[in-house]
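*Asks:* Encoded as structure tokens, here's the structure I'll be asking about.
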Amino acid sequence: MYAFDLCGFSSVEIPEEVNVIKFSTFSSSKLTSVTIKASKWLLTIVDNAFYGCRTLNEMRIVVLSDGTFRFPRVVYSSIGGAFDGGLPDERYIRFVDEDGNEVTGQVYDEVFAEAAKNDDDGDDSKWYGWSYKEYIPVKDAYPVTITVQKNNTPWTTHNRTFALTKDSGATFITALDAVEPGTYTIYDVTGVSSVDEYGIKGVNTGVPVNVVNADVSATVDYYTAIFYDLDADGNEVEYGNDTDQRQQTVLKTVGRVTKPVTDPEKTGHTFDKWVTAPNGENEFKFPLTEITAPTKIYAKWKVNTVSTHTVTINVKKDGNPWSNHGRSFALLGGGGSGFLEVPGQTADSSYTISQVPDGTYHIYDITGVPADSLYSRARDTGAEVRVNGADTEVDVTVNGADVEKDVHYYTATFYDGTEAYKAGTPQEPQIILRGKMAAKPEDPQKADWQFAGWKTTDGGSTPYDFDTPVTDITSILSAGCCRTGQQCGRF
């Protein structure tokens, strides 16, 4: 028992001196063929003798030149069948002469039929699962190696799966390590789960394989098709893998580039078509173009025509046009569109900004503010303009034409009694954007007097609140308390 259990040899010949193969003699071995020679003994095969021989598919019964042969008998009990344990479903018995050539005849048919009828497996066409006269002789077979290339370079990380056919896709060979001689075609069957669907869902690569009497190599080529746009400087910018315009890998000649499902988008432009060269006019023909090399495909755009208008800002001081105001302005669009980068032009008491697209904007005073500091230092005038042919909701009606908007400034004058402080003094007049606050100047100095603060009216007692927005011409008066050294109160 267990004499050759788990053995690694592929074939064995049972000599004529052996009359019994005992329990588990060859169990779980690597046998593919067993030969039984004729003798005067009746060979008996005991339970589990070939249990688990998953590659055993041939039993050869030798017929001597005088016609002598012996068909074995099997002792079958509840322990387990002699040929149980996962033997191939397709396994065959052959009668052969001493040279190994197959012999046939009625006597062999009758012997097998009688044995199949009297075995214990219930199938009268087979003897313990073995068939007769259906054996397909083993032919020479050779490995076929398929090299996969992408862009003419070995594609070592590919995940492609291949099969061979020599009858135009009716049947396929998937075991490429042992292929019988013949002329085949390679199919790419990546992602096809059933061999029965290889001919329907697989892709004929058009690459032939001719197996003669040696190992064979074949190459299947793929190429990348990359979609590009051009930046402002004309440089190629590849679309990302997270877009519908992602890179595609295409089988040489046979494959086609798939047109992206959606068109790309670009601010201020409308997508026109895919072309074969940067800024070219020749449209890329997706269904017709054979891919025989790495391929670049470019987006072609049409520039949108934008309706623009002129925004005129009327600058006023103390309710009147402010000639030579010297102020500069910019428009800040809503929705995060940023400051409109269109320079303005001063004309007497106005400031004009041209080429303004439709939209709603806030007017900012940017006088003396560097361009890189607009967001931190520019002052919102509080005025809003809407350039879209509708009511601005700030008493300006556009109606598809140019827009005007008033921006008001007011003078805040500081007084000592009835006398205004002059320009050049710390308390000089201030010109203030409406809605902003006057800046409190330093305290004035006056011989023999103490400064007691700023008030709203001459002779009044109400202090001026420098947190109050300026909305009109404003007077701010100083309150001298009393001469130095004298006791006095304050506002």
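Labels used: A, B, ... for chains in the order of the structure tokens, numbers from 1 for residues in each chain, and numbers from 1 for ligands as shown.
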Leaving out Pro287 in chain A and any residue of its chain fewer than 2 positions from it, which residues lie within 7 Å of it when counting only C-alpha atoms, given as a ChimeraX atom specification?
*Replies:* /A:256,285,289
*Asks:* Write to file, as a CSV table (one decimal), in the first residue's frame, the residues of the selection just made, with all heavy atoms.
*Replies:*
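Final file, again_12.csv:
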chain,number,residue,atom,x,y,z
A,256,ARG,N,-9.6,51.2,-32.9
A,256,ARG,CA,-10.0,52.5,-33.2
A,256,ARG,C,-10.0,53.4,-32.0
A,256,ARG,O,-10.4,52.9,-30.9
A,256,ARG,CB,-11.3,52.6,-34.0
A,256,ARG,CG,-11.3,51.9,-35.3
A,256,ARG,CD,-10.5,52.6,-36.3
A,256,ARG,NE,-10.6,52.1,-37.6
A,256,ARG,CZ,-9.8,51.1,-38.1
A,256,ARG,NH1,-8.8,50.6,-37.3
A,256,ARG,NH2,-9.9,50.7,-39.3
A,285,LYS,N,-10.8,61.5,-37.9
A,285,LYS,CA,-11.9,60.6,-38.2
A,285,LYS,C,-11.8,59.4,-37.3
A,285,LYS,O,-11.1,58.5,-37.5
A,285,LYS,CB,-11.8,60.2,-39.7
A,285,LYS,CG,-11.8,61.4,-40.7
A,285,LYS,CD,-13.0,62.2,-40.6
A,285,LYS,CE,-13.0,63.3,-41.7
A,285,LYS,NZ,-14.2,64.1,-41.7
A,289,THR,N,-9.9,56.0,-38.8
A,289,THR,CA,-8.4,56.2,-38.7
A,289,THR,C,-7.8,54.9,-38.1
A,289,THR,O,-8.1,54.6,-37.0
A,289,THR,CB,-8.0,57.4,-37.9
A,289,THR,OG1,-8.7,58.5,-38.4
A,289,THR,CG2,-6.5,57.6,-37.8
*Asks:* At a cut-off of 12 Å, can you tabulate as a tab-separated table every residue of range 281-333 of chain A near range 238-243 of chain A together with its closest atom pair and the distance in Å to one decimal, using only C-alpha atoms and ordering rows by chain then number?
*Replies:*
residue	atom	partner	partner_atom	distance
A:Lys296	CA	A:Glu238	CA	9.6
A:Ile297	CA	A:Glu238	CA	9.8
A:Tyr298	CA	A:Glu238	CA	9.3
A:Ala299	CA	A:Tyr239	CA	10.1
*Asks:* Could you take the residues named above and write them with C-alpha atoms, as a compact mmCIF listing (two decimals), in the first residue's frame?
*Replies:*
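Listed below is the output, again_24.txt:
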# COMPACT_ATOMS: atom_id res chain seq x y z
CA LYS A 296 -1.93 62.93 -30.87
CA ILE A 297 -5.38 64.48 -31.18
CA TYR A 298 -5.99 68.20 -30.60
CA ALA A 299 -8.99 70.23 -29.50
*Asks:* Taking 5 positions as the minimum chain separation for residues in the same chain, which residues sit within 9 Å of range 196-202 of chain A when counting only C-alpha atoms? Answer as an MDAnalysis selection string.
*Replies:* chainID A and resid 162:163 165 168:172 187:191
*Asks:* When distances are computed from only C-alpha atoms, which of A:Leu433, A:Leu230, A:Val107, A:Val220 shows the smallest separation from Arg327 in chain A?
*Replies:*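 Nearest candidate to Arg327 in chain A out of A:Leu433, A:Leu230, A:Val107, A:Val220: A:Leu433.
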*Asks:* Running DSSP on the backbone, which parts of range 237-463 of chain A land in strand (DSSP E or B), as a PyMOL selection string?
*Replies:* chain A and resi 237-238+248-251+266+269-275+283+295-303+308-317+320-321+329-333+338-339+344-347+350-357+359-365+379-387+391+397+403-416+419-420+430-433+437+446+449-455+463
*Asks:* Range 99-102 of chain A: which residues within 12 Å, counting only C-alpha atoms, same-chain residues fewer than 2 positions away excluded, as a list in words?
*Replies:*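 Result of the neighbour search: Thr35, Ile36, Lys37, Met59, Arg60, Ile61, Val62, Val63, Leu64, Ser65, Ile93, Arg94, Phe95, Val96, Asp97, Thr104, Gly105, Tyr108, Tyr132, Lys133, Glu134, Tyr135, Ile136 and Pro137 of chain A.
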*Asks:* Could you tell me how far CA of Gly333 in chain A lies from CA of Ser376 in chain A, in Å and to one decimal?
*Replies:* 15.9 Å
*Asks:* How far is it from CA of Leu477 in chain A to CA of Ala447 in chain A, in Å with one decimal?
*Replies:*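 Distance between the two atoms: 17.8 Å.
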*Asks:* Residues near Asp231 in chain A, anyone? I mean within 12 Å using only C-alpha atoms, not counting same-chain ones fewer than 2 positions away, as a PyMOL selection string.
*Replies:* chain A and resi 228-229+233-239+266+278-279+298-299
*Asks:* Export all heavy atoms of the chosen residues as a CSV table (one decimal), in the first residue's frame?
*Replies:*
chain,number,residue,atom,x,y,z
A,228,TYR,N,-5.1,66.5,-26.6
A,228,TYR,CA,-4.4,67.7,-26.1
A,228,TYR,C,-5.2,68.9,-26.3
A,228,TYR,O,-6.0,69.0,-27.3
A,228,TYR,CB,-3.1,67.9,-26.9
A,228,TYR,CG,-2.0,66.9,-26.5
A,228,TYR,CD1,-1.8,65.7,-27.3
A,228,TYR,CD2,-1.1,67.1,-25.4
A,228,TYR,CE1,-0.8,64.8,-27.0
A,228,TYR,CE2,-0.1,66.1,-25.1
A,228,TYR,CZ,0.0,65.0,-25.9
A,228,TYR,OH,1.0,64.1,-25.6
A,229,ASP,N,-4.9,70.0,-25.5
A,229,ASP,CA,-5.3,71.3,-25.8
A,229,ASP,C,-4.0,72.1,-25.8
A,229,ASP,O,-2.9,71.6,-25.5
A,229,ASP,CB,-6.2,71.9,-24.7
A,229,ASP,CG,-6.9,73.2,-25.1
A,229,ASP,OD1,-6.8,73.6,-26.3
A,229,ASP,OD2,-7.6,73.8,-24.2
A,233,ASP,N,0.4,80.0,-24.6
A,233,ASP,CA,1.7,80.1,-25.3
A,233,ASP,C,1.9,79.1,-26.4
A,233,ASP,O,3.0,78.9,-27.0
A,233,ASP,CB,2.9,79.9,-24.2
A,233,ASP,CG,2.9,81.0,-23.2
A,233,ASP,OD1,2.6,82.2,-23.6
A,233,ASP,OD2,3.2,80.8,-22.0
A,234,GLY,N,0.8,78.3,-26.6
A,234,GLY,CA,0.9,77.3,-27.7
A,234,GLY,C,1.5,76.0,-27.3
A,234,GLY,O,1.8,75.1,-28.1
A,235,ASN,N,1.7,75.8,-26.0
A,235,ASN,CA,2.2,74.5,-25.5
A,235,ASN,C,1.2,73.4,-25.4
A,235,ASN,O,0.0,73.8,-25.0
A,235,ASN,CB,2.9,74.7,-24.1
A,235,ASN,CG,4.0,75.7,-24.2
A,235,ASN,OD1,4.9,75.7,-25.1
A,235,ASN,ND2,4.0,76.7,-23.3
A,236,GLU,N,1.5,72.2,-25.6
A,236,GLU,CA,0.6,71.1,-25.5
A,236,GLU,C,0.3,70.8,-24.1
A,236,GLU,O,1.2,70.7,-23.2
A,236,GLU,CB,1.1,69.9,-26.2
A,236,GLU,CG,1.3,70.0,-27.7
A,236,GLU,CD,1.9,68.7,-28.3
A,236,GLU,OE1,2.4,67.9,-27.5
A,236,GLU,OE2,2.0,68.6,-29.6
A,237,VAL,N,-1.0,70.7,-23.8
A,237,VAL,CA,-1.5,70.3,-22.4
A,237,VAL,C,-2.3,69.1,-22.5
A,237,VAL,O,-3.4,69.1,-23.1
A,237,VAL,CB,-2.2,71.4,-21.7
A,237,VAL,CG1,-2.7,71.0,-20.3
A,237,VAL,CG2,-1.4,72.7,-21.7
A,238,GLU,N,-1.9,68.0,-22.0
A,238,GLU,CA,-2.6,66.7,-22.1
A,238,GLU,C,-3.8,66.7,-21.1
A,238,GLU,O,-3.8,67.2,-20.0
A,238,GLU,CB,-1.7,65.5,-21.7
A,238,GLU,CG,-2.4,64.2,-21.8
A,238,GLU,CD,-1.5,63.0,-21.4
A,238,GLU,OE1,-0.3,63.2,-21.3
A,238,GLU,OE2,-2.0,61.9,-21.3
A,239,TYR,N,-5.0,66.2,-21.6
A,239,TYR,CA,-6.1,66.1,-20.7
A,239,TYR,C,-5.9,65.0,-19.7
A,239,TYR,O,-5.2,64.0,-20.0
A,239,TYR,CB,-7.4,65.8,-21.6
A,239,TYR,CG,-7.9,67.0,-22.3
A,239,TYR,CD1,-7.6,67.2,-23.6
A,239,TYR,CD2,-8.8,67.9,-21.7
A,239,TYR,CE1,-8.0,68.3,-24.3
A,239,TYR,CE2,-9.3,69.0,-22.4
A,239,TYR,CZ,-8.9,69.2,-23.7
A,239,TYR,OH,-9.4,70.3,-24.4
A,266,LYS,N,-13.9,75.3,-22.2
A,266,LYS,CA,-12.9,76.3,-22.1
A,266,LYS,C,-13.5,77.7,-22.0
A,266,LYS,O,-14.3,78.0,-22.9
A,266,LYS,CB,-11.9,76.2,-23.3
A,266,LYS,CG,-10.6,77.0,-23.2
A,266,LYS,CD,-9.7,76.7,-24.4
A,266,LYS,CE,-8.4,77.4,-24.3
A,266,LYS,NZ,-7.5,77.0,-25.4
A,278,PRO,N,-1.8,70.7,-34.1
A,278,PRO,CA,-2.1,71.9,-33.4
A,278,PRO,C,-2.6,73.0,-34.3
A,278,PRO,O,-2.0,73.3,-35.3
A,278,PRO,CB,-0.8,72.3,-32.7
A,278,PRO,CG,0.0,71.0,-32.7
A,278,PRO,CD,-0.4,70.2,-33.9
A,279,ASN,N,-3.8,73.6,-33.9
A,279,ASN,CA,-4.4,74.7,-34.7
A,279,ASN,C,-4.7,74.2,-36.1
A,279,ASN,O,-4.9,75.1,-37.0
A,279,ASN,CB,-3.5,75.9,-34.7
A,279,ASN,CG,-3.3,76.5,-33.3
A,279,ASN,OD1,-4.3,76.6,-32.6
A,279,ASN,ND2,-2.1,76.8,-33.0
A,298,TYR,N,-5.9,66.9,-31.2
A,298,TYR,CA,-6.0,68.2,-30.6
A,298,TYR,C,-7.4,68.8,-30.6
A,298,TYR,O,-8.1,68.6,-31.6
A,298,TYR,CB,-5.0,69.1,-31.4
A,298,TYR,CG,-3.6,68.7,-31.3
A,298,TYR,CD1,-3.1,67.8,-32.2
A,298,TYR,CD2,-2.8,69.2,-30.3
A,298,TYR,CE1,-1.8,67.4,-32.2
A,298,TYR,CE2,-1.4,68.8,-30.2
A,298,TYR,CZ,-0.9,67.9,-31.2
A,298,TYR,OH,0.4,67.5,-31.1
A,299,ALA,N,-7.7,69.5,-29.6
A,299,ALA,CA,-9.0,70.2,-29.5
A,299,ALA,C,-8.9,71.5,-30.3
A,299,ALA,O,-8.0,72.3,-30.3
A,299,ALA,CB,-9.3,70.6,-28.1
*Asks:* Quick one: of A:Ala401, A:Ala423, A:Val192, A:Val74, who's nearest to Ala115 in chain A, counting only C-alpha atoms?
*Replies:*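 Counting only C-alpha atoms, the residue closest to Ala115 in chain A is A:Val74.
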*Asks:* Which one of A:Ile313, A:Gly52, A:Asp47, A:Leu42 sits closest to Ser27 in chain A if you count only C-alpha atoms?
*Replies:*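 The answer is A:Gly52, which sits nearest to Ser27 in chain A.
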*Asks:* Would you mind telling me which residue in A:Pro343, A:Gly129, A:Gly81, A:Gly326 lies nearest to Val311 in chain A when using only C-alpha atoms?
*Replies:*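 Of the candidates, the smallest distance to Val311 in chain A is held by A:Pro343.
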*Asks:* Based on DSSP run over this structure's backbone, return all residues of range 296-483 of chain A in helix (DSSP H, G or I), as a list of chain:residue names.
*Replies:* A:Ala371, A:Asp372, A:Ser373, A:Leu374, A:Tyr375, A:Ser376, A:Arg377
*Asks:* Check which residues of range 214-291 of chain A sit at most 10 Å from range 303-309 of chain A using only C-alpha atoms, and return one row each with the closest pair of atoms and their distance in Å to one decimal, ordered by chain and rising number, as a Markdown table.
*Replies:*
| residue | atom | partner | partner_atom | distance |
| --- | --- | --- | --- | --- |
| A:Lys266 | CA | A:Val303 | CA | 9.6 |
| A:Thr267 | CA | A:Asn304 | CA | 8.9 |
| A:Gly268 | CA | A:Asn304 | CA | 5.3 |
| A:His269 | CA | A:Val303 | CA | 4.5 |
| A:Thr270 | CA | A:Val303 | CA | 6.4 |
| A:Phe271 | CA | A:Val303 | CA | 8.9 |
| A:Asp272 | CA | A:Val303 | CA | 9.7 |
